[in-house]
$ cat query02.cif   # mmCIF, C-alpha atoms and all ligand atoms
data_upload
#
loop_
_atom_site.label_atom_id
_atom_site.label_comp_id
_atom_site.auth_asym_id
_atom_site.auth_seq_id
_atom_site.Cartn_x
_atom_site.Cartn_y
_atom_site.Cartn_z
CA MET A 1 0.00 0.00 0.00
CA PRO A 2 1.41 3.43 -0.86
CA GLU A 3 2.23 5.81 1.96
CA THR A 4 -0.68 8.18 2.59
CA LYS A 5 0.77 11.68 2.33
CA ASN A 6 -1.00 14.73 3.63
CA THR A 7 -1.48 16.73 0.46
CA SER A 8 -3.67 19.52 1.89
CA ALA A 9 -2.16 22.98 2.18
CA VAL A 10 -2.65 22.96 5.95
CA ARG A 11 0.39 22.09 7.99
CA ARG A 12 -0.16 19.09 10.34
CA VAL A 13 1.24 19.29 13.85
CA TYR A 14 0.41 16.23 15.92
CA VAL A 15 0.74 17.08 19.62
CA ASP A 16 -1.28 14.23 21.12
CA TYR A 17 1.56 11.81 21.93
CA ASN A 18 0.05 10.89 25.32
CA ALA A 19 -2.97 9.51 23.45
CA THR A 20 -0.73 7.46 21.20
CA THR A 21 2.48 7.70 19.20
CA PRO A 22 3.27 6.82 15.60
CA LEU A 23 5.58 3.88 15.02
CA LYS A 24 9.21 4.97 14.94
CA PRO A 25 10.57 4.36 11.41
CA GLU A 26 13.08 1.84 12.84
CA VAL A 27 10.26 -0.01 14.63
CA LYS A 28 8.13 -0.04 11.50
CA ALA A 29 10.98 -1.34 9.33
CA ALA A 30 11.79 -4.07 11.85
CA MET A 31 8.14 -5.07 12.13
CA LEU A 32 7.73 -5.27 8.37
CA SER A 33 10.57 -7.74 8.13
CA ASP A 34 9.33 -9.62 11.24
CA LEU A 35 5.85 -10.12 9.79
CA ASP A 36 7.06 -13.43 8.42
CA ILE A 37 7.81 -14.78 11.90
CA TYR A 38 4.57 -16.73 11.94
CA GLY A 39 5.40 -19.75 14.09
CA ASN A 40 3.46 -20.36 17.26
CA ALA A 41 6.02 -19.49 19.93
CA SER A 42 4.77 -22.46 21.97
CA SER A 43 5.43 -24.99 19.18
CA MET A 44 8.44 -27.30 19.41
CA HIS A 45 9.44 -27.25 15.73
CA ALA A 46 11.92 -24.86 14.14
CA SER A 47 9.35 -22.17 13.22
CA GLY A 48 8.02 -22.22 16.77
CA ARG A 49 11.51 -22.13 18.25
CA LEU A 50 12.42 -19.15 16.09
CA ALA A 51 9.32 -17.24 17.21
CA HIS A 52 10.00 -18.19 20.82
CA ALA A 53 13.61 -16.98 20.62
CA ARG A 54 12.53 -13.65 19.17
CA VAL A 55 9.79 -13.18 21.81
CA GLU A 56 12.40 -13.82 24.51
CA GLU A 57 14.74 -11.24 22.89
CA ALA A 58 11.89 -8.73 23.12
CA ARG A 59 11.33 -9.66 26.77
CA ASN A 60 15.01 -8.95 27.43
CA ALA A 61 14.72 -5.53 25.79
CA VAL A 62 11.62 -4.60 27.81
CA GLY A 63 13.26 -5.83 31.01
CA LYS A 64 16.38 -3.76 30.27
CA LEU A 65 14.29 -0.62 29.85
CA LEU A 66 13.07 -1.07 33.44
CA GLY A 67 16.24 -2.52 34.96
CA ALA A 68 14.32 -5.75 35.52
CA PRO A 69 15.21 -9.39 34.85
CA PRO A 70 13.37 -10.63 31.74
CA GLU A 71 11.59 -13.36 33.70
CA ASP A 72 9.76 -10.64 35.65
CA ILE A 73 8.09 -9.31 32.47
CA ILE A 74 4.73 -10.60 31.19
CA PHE A 75 3.36 -9.56 27.80
CA THR A 76 -0.26 -8.45 27.69
CA SER A 77 -2.54 -6.65 25.24
CA GLY A 78 -1.70 -3.25 26.76
CA GLY A 79 -1.87 -1.03 29.80
CA SER A 80 -5.55 -1.66 30.47
CA GLU A 81 -5.10 -5.42 30.61
CA SER A 82 -1.99 -5.17 32.79
CA ASN A 83 -3.81 -2.97 35.30
CA ASN A 84 -6.89 -5.20 35.31
CA THR A 85 -4.73 -8.29 35.84
CA VAL A 86 -3.16 -6.86 38.98
CA PHE A 87 -6.50 -5.67 40.39
CA GLN A 88 -8.15 -9.04 39.75
CA THR A 89 -5.20 -10.82 41.37
CA MET A 90 -5.72 -8.72 44.46
CA ARG A 91 -9.44 -9.34 44.41
CA ARG A 92 -8.68 -13.07 44.44
CA LEU A 93 -6.39 -12.66 47.45
CA ALA A 94 -8.89 -10.46 49.29
CA SER A 95 -11.75 -12.87 48.77
CA ALA A 96 -9.85 -16.10 49.50
CA PRO A 97 -11.99 -18.31 51.74
CA ASP A 98 -10.90 -19.37 55.22
CA GLY A 99 -8.35 -22.14 55.04
CA SER A 100 -7.13 -21.13 51.55
CA PRO A 101 -3.36 -20.67 51.23
CA LEU A 102 -4.12 -17.37 49.44
CA LYS A 103 -5.79 -15.89 52.49
CA SER A 104 -3.77 -13.12 54.10
CA GLY A 105 -6.64 -11.62 56.07
CA ARG A 106 -6.06 -8.24 54.40
CA THR A 107 -8.91 -6.84 52.34
CA GLU A 108 -8.45 -3.06 51.87
CA PHE A 109 -7.36 -1.16 48.78
CA ILE A 110 -5.90 2.31 48.21
CA THR A 111 -5.56 4.26 44.96
CA THR A 112 -5.82 7.91 43.90
CA ASP A 113 -8.45 10.22 42.45
CA ILE A 114 -6.45 10.89 39.26
CA GLU A 115 -5.78 7.41 37.89
CA HIS A 116 -6.55 6.35 34.33
CA PRO A 117 -10.12 5.00 33.96
CA CYS A 118 -8.84 1.40 33.71
CA VAL A 119 -7.58 1.70 37.30
CA LEU A 120 -10.44 3.88 38.57
CA ASN A 121 -13.06 1.50 37.20
CA SER A 122 -11.20 -1.57 38.49
CA ALA A 123 -11.16 0.05 41.93
CA ALA A 124 -14.84 1.04 41.67
CA TYR A 125 -15.68 -2.57 40.81
CA LEU A 126 -13.94 -3.79 43.97
CA ARG A 127 -15.93 -1.27 45.98
CA GLU A 128 -19.12 -2.54 44.32
CA LEU A 129 -18.16 -6.04 45.47
CA GLY A 130 -18.06 -4.74 49.04
CA PHE A 131 -14.34 -4.14 49.56
CA LYS A 132 -13.10 -0.98 51.25
CA VAL A 133 -11.34 1.20 48.66
CA THR A 134 -9.82 4.58 49.55
CA PHE A 135 -9.24 7.11 46.79
CA LEU A 136 -6.48 9.50 47.87
CA PRO A 137 -6.97 13.16 46.93
CA VAL A 138 -4.20 15.21 45.32
CA ASP A 139 -2.97 18.76 45.92
CA GLU A 140 -3.38 21.64 43.47
CA ASN A 141 -0.39 20.38 41.46
CA GLY A 142 -1.66 16.82 41.25
CA LYS A 143 0.56 15.18 43.89
CA ILE A 144 -0.72 12.88 46.60
CA ARG A 145 0.35 13.84 50.14
CA MET A 146 2.45 11.22 51.93
CA ALA A 147 0.68 12.10 55.20
CA ASP A 148 -2.66 11.11 53.61
CA LEU A 149 -1.19 7.79 52.50
CA GLU A 150 0.32 7.12 55.93
CA ARG A 151 -3.01 7.91 57.59
CA VAL A 152 -4.93 5.30 55.57
CA LEU A 153 -2.25 2.57 55.37
CA GLY A 154 -2.87 -0.05 58.02
CA GLY A 155 -2.66 -3.68 58.99
CA ASN A 156 -5.66 -4.45 56.79
CA THR A 157 -4.25 -2.77 53.63
CA LEU A 158 -3.69 -5.39 50.95
CA PHE A 159 -2.86 -3.31 47.91
CA VAL A 160 -1.94 0.23 46.84
CA SER A 161 -1.94 1.49 43.24
CA VAL A 162 -0.51 4.96 42.46
CA MET A 163 0.24 6.07 38.90
CA MET A 164 3.78 7.22 38.17
CA ALA A 165 2.90 10.00 35.72
CA ASN A 166 -0.50 11.45 34.99
CA ASN A 167 -1.66 11.28 31.38
CA GLU A 168 -3.56 14.59 31.42
CA ILE A 169 -1.35 16.97 33.42
CA GLY A 170 1.97 15.08 33.46
CA THR A 171 2.50 15.35 37.22
CA LEU A 172 4.97 12.78 38.56
CA GLN A 173 4.39 11.06 41.91
CA ASP A 174 7.23 10.18 44.30
CA ILE A 175 6.76 6.47 43.69
CA GLY A 176 9.95 5.42 45.50
CA GLU A 177 8.67 7.04 48.68
CA VAL A 178 5.15 5.64 48.17
CA ALA A 179 6.60 2.13 47.74
CA ARG A 180 8.74 2.50 50.87
CA LEU A 181 5.69 3.38 52.98
CA VAL A 182 3.54 0.65 51.44
CA LYS A 183 6.16 -2.06 51.89
CA ALA A 184 6.72 -0.96 55.51
CA ALA A 185 2.99 -1.52 56.02
CA GLY A 186 3.27 -5.02 54.53
CA ALA A 187 1.06 -4.38 51.47
CA TRP A 188 1.60 -4.84 47.72
CA ILE A 189 2.44 -1.78 45.61
CA HIS A 190 1.61 -1.27 41.94
CA THR A 191 2.30 1.68 39.67
CA ASP A 192 0.73 2.45 36.32
CA ALA A 193 3.80 3.73 34.49
CA VAL A 194 2.25 3.80 31.02
CA GLN A 195 3.01 7.51 30.61
CA ALA A 196 6.38 7.43 32.36
CA VAL A 197 8.16 4.57 30.60
CA GLY A 198 10.53 5.88 27.93
CA LYS A 199 9.94 9.51 28.99
CA ILE A 200 11.84 9.59 32.28
CA PRO A 201 14.65 7.34 33.48
CA LEU A 202 13.26 4.63 35.70
CA ASN A 203 14.55 1.49 37.33
CA VAL A 204 12.44 -0.92 39.35
CA GLU A 205 15.39 -1.53 41.68
CA ASP A 206 15.38 2.16 42.66
CA ILE A 207 11.66 2.46 43.22
CA LYS A 208 11.07 -1.05 44.58
CA VAL A 209 7.51 -1.51 43.35
CA ASP A 210 5.99 -5.00 43.15
CA TYR A 211 4.08 -4.38 39.89
CA LEU A 212 4.55 -1.90 37.05
CA THR A 213 2.33 -1.42 34.00
CA MET A 214 3.50 -0.33 30.54
CA SER A 215 2.12 -0.01 27.02
CA ALA A 216 3.93 -0.21 23.67
CA HIS A 217 1.89 2.37 21.78
CA LYS A 218 3.02 5.20 24.07
CA ILE A 219 6.68 4.55 23.24
CA TYR A 220 6.51 4.49 19.42
CA GLY A 221 5.62 0.80 19.32
CA PRO A 222 2.45 -0.90 18.04
CA LYS A 223 -1.01 -0.75 19.60
CA GLY A 224 -2.59 -3.74 21.33
CA VAL A 225 0.50 -4.90 23.19
CA GLY A 226 1.92 -4.01 26.57
CA GLY A 227 3.57 -5.47 29.58
CA LEU A 228 3.46 -6.02 33.27
CA TYR A 229 6.51 -6.16 35.52
CA VAL A 230 5.92 -8.53 38.43
CA ARG A 231 8.63 -8.64 41.08
CA SER A 232 9.79 -12.17 41.80
CA GLY A 233 7.72 -13.47 44.73
CA ALA A 234 4.75 -11.14 44.16
CA PRO A 235 1.52 -13.05 43.52
CA LEU A 236 -0.11 -13.01 40.08
CA TYR A 237 -3.10 -14.89 38.68
CA PRO A 238 -4.22 -14.87 35.07
CA LEU A 239 -6.99 -12.55 34.00
CA ILE A 240 -7.30 -14.59 30.81
CA GLN A 241 -7.50 -18.29 31.59
CA GLY A 242 -6.37 -20.85 29.07
CA GLY A 243 -3.07 -22.27 27.87
CA HIS A 244 0.31 -22.25 29.52
CA GLN A 245 1.72 -19.16 27.76
CA GLU A 246 3.66 -16.70 29.94
CA ASP A 247 4.13 -19.43 32.58
CA GLY A 248 0.38 -19.85 32.80
CA LEU A 249 -0.09 -16.19 33.76
CA ARG A 250 -1.55 -14.89 30.49
CA ALA A 251 -3.17 -17.32 28.10
CA GLY A 252 -3.44 -16.85 24.35
CA THR A 253 -1.17 -17.49 21.38
CA TYR A 254 1.74 -15.06 21.38
CA ASN A 255 1.20 -11.84 19.43
CA ASN A 256 4.58 -12.25 17.71
CA ILE A 257 4.57 -9.10 15.63
CA GLY A 258 3.22 -6.89 18.42
CA ILE A 259 5.69 -8.22 20.96
CA LEU A 260 8.63 -7.90 18.57
CA GLY A 261 7.62 -4.32 17.76
CA PHE A 262 7.35 -3.59 21.49
CA GLY A 263 10.82 -5.03 22.06
CA ARG A 264 12.26 -2.89 19.30
CA ALA A 265 10.58 0.25 20.64
CA ALA A 266 11.81 -0.58 24.16
CA SER A 267 15.45 -0.91 23.11
CA LEU A 268 15.29 2.39 21.23
CA ALA A 269 13.64 4.09 24.22
CA ALA A 270 16.27 2.71 26.63
CA GLY A 271 19.03 4.28 24.53
CA GLU A 272 17.52 7.74 24.31
CA VAL A 273 15.51 8.47 27.45
CA GLU A 274 17.98 11.14 28.64
CA LYS A 275 18.07 12.77 25.20
CA TYR A 276 14.25 12.72 25.18
CA GLY A 277 14.11 14.50 28.52
CA ARG A 278 16.59 17.16 27.41
CA GLU A 279 15.21 17.85 23.96
CA ILE A 280 11.48 17.50 24.50
CA SER A 281 11.47 19.62 27.66
CA VAL A 282 13.07 22.48 25.69
CA LEU A 283 10.15 22.34 23.25
CA ARG A 284 7.65 22.19 26.11
CA THR A 285 9.19 25.28 27.72
CA ARG A 286 9.13 27.08 24.38
CA LEU A 287 5.43 26.27 23.96
CA ARG A 288 4.54 27.22 27.55
CA ASP A 289 6.44 30.53 27.46
CA GLY A 290 5.18 31.37 23.98
CA LEU A 291 1.54 30.79 24.89
CA LYS A 292 1.95 32.76 28.14
CA ALA A 293 3.51 35.68 26.25
CA LYS A 294 0.90 35.74 23.48
CA ILE A 295 -2.37 34.88 25.25
CA PRO A 296 -3.51 36.84 28.30
CA ASN A 297 -4.99 35.12 31.33
CA ILE A 298 -4.08 31.45 30.85
CA LYS A 299 -3.39 28.87 33.54
CA ILE A 300 -0.87 26.03 33.36
CA ASN A 301 -2.11 22.87 35.11
CA GLY A 302 0.17 20.31 36.74
CA HIS A 303 3.30 20.41 38.86
CA PRO A 304 5.74 23.20 37.89
CA THR A 305 8.83 20.95 38.05
CA ASP A 306 7.87 17.32 38.78
CA VAL A 307 6.24 16.88 35.43
CA LEU A 308 6.70 14.81 32.27
CA PRO A 309 9.03 16.58 29.83
CA ASN A 310 6.42 16.37 27.06
CA THR A 311 3.10 17.32 28.68
CA LEU A 312 1.61 20.81 28.89
CA ASN A 313 -1.96 21.24 30.09
CA VAL A 314 -3.35 24.75 29.67
CA SER A 315 -6.67 26.31 30.71
CA PHE A 316 -8.02 29.14 28.58
CA PRO A 317 -10.69 30.91 30.66
CA GLY A 318 -13.58 32.15 28.57
CA ALA A 319 -13.05 29.68 25.72
CA GLU A 320 -14.58 26.25 25.32
CA GLY A 321 -12.22 23.28 24.91
CA GLU A 322 -14.09 21.41 22.19
CA ALA A 323 -14.34 24.59 20.13
CA ILE A 324 -10.62 25.25 20.61
CA LEU A 325 -9.83 21.69 19.51
CA LEU A 326 -11.99 21.91 16.40
CA SER A 327 -10.54 25.30 15.43
CA MET A 328 -7.01 24.00 15.97
CA ASP A 329 -7.79 20.86 13.96
CA MET A 330 -8.90 23.03 11.03
CA MET A 331 -5.48 24.63 11.22
CA GLY A 332 -3.81 21.21 11.34
CA ILE A 333 -2.99 21.14 15.06
CA GLU A 334 -3.99 17.88 16.76
CA ALA A 335 -4.19 18.07 20.55
CA SER A 336 -6.74 16.89 23.08
CA THR A 337 -9.03 18.16 25.79
CA GLY A 338 -9.43 16.85 29.31
CA SER A 339 -13.19 16.63 28.86
CA ALA A 340 -14.79 13.32 28.07
CA CYS A 341 -17.94 13.40 26.02
CA ALA A 342 -20.06 10.81 27.79
CA SER A 343 -23.60 10.05 26.64
CA GLY A 344 -24.05 13.49 25.13
CA SER A 345 -23.17 15.39 28.30
CA LEU A 346 -19.75 16.90 28.78
CA GLU A 347 -18.20 15.75 32.03
CA PRO A 348 -15.27 17.85 33.21
CA SER A 349 -11.99 15.94 33.47
CA HIS A 350 -11.73 14.03 36.78
CA VAL A 351 -8.05 14.97 36.95
CA LEU A 352 -8.63 18.71 36.57
CA THR A 353 -11.51 18.49 39.03
CA ALA A 354 -9.21 16.70 41.50
CA ILE A 355 -6.63 19.52 41.35
CA GLY A 356 -9.35 22.07 42.04
CA VAL A 357 -9.99 23.40 38.53
CA GLY A 358 -13.68 24.37 38.33
CA ALA A 359 -15.98 22.74 35.77
CA GLU A 360 -16.11 25.81 33.50
CA LEU A 361 -12.33 26.21 33.40
CA ALA A 362 -11.81 22.46 33.01
CA HIS A 363 -13.97 22.63 29.88
CA GLY A 364 -11.59 25.25 28.49
CA SER A 365 -8.45 23.16 28.98
CA ILE A 366 -6.21 21.64 26.35
CA ARG A 367 -3.49 19.02 26.67
CA PHE A 368 -0.52 19.39 24.38
CA SER A 369 1.67 16.29 24.50
CA LEU A 370 4.86 16.44 22.48
CA GLY A 371 7.14 13.77 21.12
CA TRP A 372 9.90 12.85 18.69
CA GLY A 373 9.48 14.57 15.36
CA ILE A 374 8.13 17.86 16.73
CA THR A 375 10.30 20.80 15.72
CA GLU A 376 10.75 24.34 17.02
CA GLU A 377 8.91 25.48 13.87
CA ASP A 378 5.95 23.29 14.82
CA ILE A 379 5.89 24.84 18.29
CA ASP A 380 6.10 28.34 16.79
CA TYR A 381 3.22 27.47 14.45
CA ILE A 382 1.06 26.60 17.50
CA ILE A 383 2.15 29.81 19.26
CA GLU A 384 1.16 31.85 16.17
CA THR A 385 -2.06 30.01 15.41
CA LEU A 386 -3.66 29.76 18.82
CA PRO A 387 -3.93 33.44 19.97
CA PRO A 388 -6.43 34.51 17.27
CA ILE A 389 -8.47 31.33 17.88
CA ILE A 390 -8.70 32.03 21.62
CA ALA A 391 -9.47 35.72 21.03
CA ARG A 392 -12.28 34.84 18.61
CA LEU A 393 -13.78 32.17 20.91
CA ARG A 394 -13.56 34.46 23.94
CA ALA A 395 -15.32 37.23 22.01
CA MET A 396 -18.15 34.87 21.05
CA SER A 397 -18.42 33.20 24.43
CA THR A 398 -20.85 33.69 27.26
CA LEU A 399 -18.27 32.15 29.61
CA SER A 400 -16.32 34.57 31.81
CA ALA A 401 -12.70 35.11 30.78
C1 LIG B 1 -1.90 6.27 32.42
C2 LIG B 1 -2.49 5.28 31.48
N1 LIG B 1 -2.77 4.04 31.91
C3 LIG B 1 -3.29 3.11 31.10
C4 LIG B 1 -3.57 3.39 29.79
C5 LIG B 1 -4.18 2.31 28.92
O1 LIG B 1 -3.20 1.75 28.09
P1 LIG B 1 -3.65 0.89 26.79
O2 LIG B 1 -4.14 1.88 25.79
O3 LIG B 1 -2.38 0.22 26.35
O4 LIG B 1 -4.67 -0.07 27.25
C6 LIG B 1 -3.31 4.67 29.28
C7 LIG B 1 -3.64 5.02 27.88
O5 LIG B 1 -4.06 6.11 27.59
C8 LIG B 1 -2.73 5.64 30.15
O6 LIG B 1 -2.47 6.87 29.74
#
$ encode --input "query02.cif" --output "structure tokens"
Amino acid sequence: MPETKNTSAVRRVYVDYNATTPLKPEVKAAMLSDLDIYGNASSMHASGRLAHARVEEARNAVGKLLGAPPEDIIFTSGGSESNNTVFQTMRRLASAPDGSPLKSGRTEFITTDIEHPCVLNSAAYLRELGFKVTFLPVDENGKIRMADLERVLGGNTLFVSVMMANNEIGTLQDIGEVARLVKAAGAWIHTDAVQAVGKIPLNVEDIKVDYLTMSAHKIYGPKGVGGLYVRSGAPLYPLIQGGHQEDGLRAGTYNNIGILGFGRAASLAAGEVEKYGREISVLRTRLRDGLKAKIPNIKINGHPTDVLPNTLNVSFPGAEGEAILLSMDMMGIEASTGSACASGSLEPSHVLTAIGVGAELAHGSIRFSLGWGITEEDIDYIIETLPPIIARLRAMSTLSA
């Protein structure tokens, strides 16, 4: 199939890398040649052995990215499945009947108000089943307070899940400190690191978590594949029951091409995470300062320093987010808004609400998430294009600027 080229006169600037990333050219080229690795990685013949060897190479690469031994990595269909697997494992432990070797007597769960929906909904499900689940609040920058965590951690706490980096505002949590407190309380600690992996240096031996979730399509790999780090000795039960793949922890024939693409993306990411931090944060600062200089009365959401190098969330009082997005899209700029359009009614973002941004302002907020391929000229194009859009929408609006 020929490459689809954008032939319209409008320049395209994709700044929605937290939603997903394109394949890196090196990943794409490797995947194209790996498409012929068709053997079932569980088969004993040569084709199966070849597929198995390549899947194990990918596991090594993903492990290396996290500083983890390859045997502690399980391949899944993505971040959502990894998070669900850990939550369902904990549900199994919490509901183990008397006399079962799984029974620890602990039944309480802790997470935060700003998690991705796949964690929030997993936690809400546990609450529906009757378990006690505490959702920790965050401060105005999006950080949980350690004192809040210490207050709710107790002898009945089974499991704590705190995301490493927030997808909407980019705020980073002090996961090493969270893990220290949770382990001292004798509970299991999980972090959803989908937005952190490949963007900031991280090593599971430094942060000492028991479980860590990742996803290939956020690091220039393919969609529909991800991973779960499980520290040796931490319990895990399959979400998907079936064959013996992944040591019986995740059934289903290996997704060879997805896993190989993930492995390739992971080895590239491991080699350039520092460069990413340096170069992408310069572009983020340029965008932030440019928008501040050119557009009066804007608010930057998220932590001022403990933040992903690529994520800039901005509120534009007096303008409506969906209208800003559509106007930007007509000018070729692809970003996203924190609002979710659910059943025809616009709910303000739960993350912005949690940091104290009011519903009206939350509706006028845009997330710019940058990545490889964005240039200074692209940033300057956004800085030039956005001010007249905001001025026009503010002039038309009944919202207060
Ligand atoms: C923080 C976070 N967790 C989990 C996910 C879900 O990952 P996946 O799309 O691989 O299921 C996402 C994707 O947006 C995310 O940003």
$ closest_atom_pairs --input "query02.cif" --of "chain A" --to "ligand LIG 1 (chain B)" --cutoff "7 Å" --atoms "only C-alpha atoms and all ligand atoms" --output "tab-separated table"
residue	atom	partner	partner_atom	distance
A:Asn18	CA	B:LIG1	O6	6.5
A:Ala19	CA	B:LIG1	O5	5.5
A:Ser77	CA	B:LIG1	O3	7.0
A:Gly78	CA	B:LIG1	O3	3.6
A:Gly79	CA	B:LIG1	O1	3.5
A:Ser80	CA	B:LIG1	O4	3.7
A:Glu81	CA	B:LIG1	O4	6.3
A:Glu115	CA	B:LIG1	C1	6.8
A:His116	CA	B:LIG1	C1	5.0
A:Cys118	CA	B:LIG1	C3	6.4
A:Met163	CA	B:LIG1	C1	6.8
A:Ala165	CA	B:LIG1	C1	6.9
A:Asn166	CA	B:LIG1	C1	5.9
A:Asn167	CA	B:LIG1	O6	4.8
A:Asp192	CA	B:LIG1	N1	5.9
A:Ala193	CA	B:LIG1	C1	6.6
A:Val194	CA	B:LIG1	C2	5.0
A:Gln195	CA	B:LIG1	C1	5.4
A:Ser215	CA	B:LIG1	O3	4.6
A:Ala216	CA	B:LIG1	O3	6.9
A:His217	CA	B:LIG1	O3	6.6
A:Lys223	CA	B:LIG1	O3	7.0
A:Gly224	CA	B:LIG1	O3	6.4
A:Val225	CA	B:LIG1	O3	6.7
A:Gly226	CA	B:LIG1	O3	6.0
$ atom_distance --input "query02.cif" --atom1 "atom CA of A:Lys132" --atom2 "atom CA of A:Ser349"
24.6 Å
$ closest_residue --input "query02.cif" --among "A:Thr305, A:Ala354, A:Asp378, A:Asn156" --to "A:Phe135" --atoms "only C-alpha atoms"
A:Ala354
$ atom_distance --input "query02.cif" --atom1 "atom CA of A:Lys64" --atom2 "atom CA of A:Ala270"
7.4 Å
$ closest_residue --input "query02.cif" --among "A:Asp329, A:Glu334, A:Glu347, A:Glu377" --to "A:Tyr14" --atoms "only C-alpha atoms"
A:Glu334
$ closest_residue --input "query02.cif" --among "A:Ile175, A:Leu32, A:Ala58, A:Val27" --to "A:Pro222" --atoms "all atoms listed in the file"
A:Val27
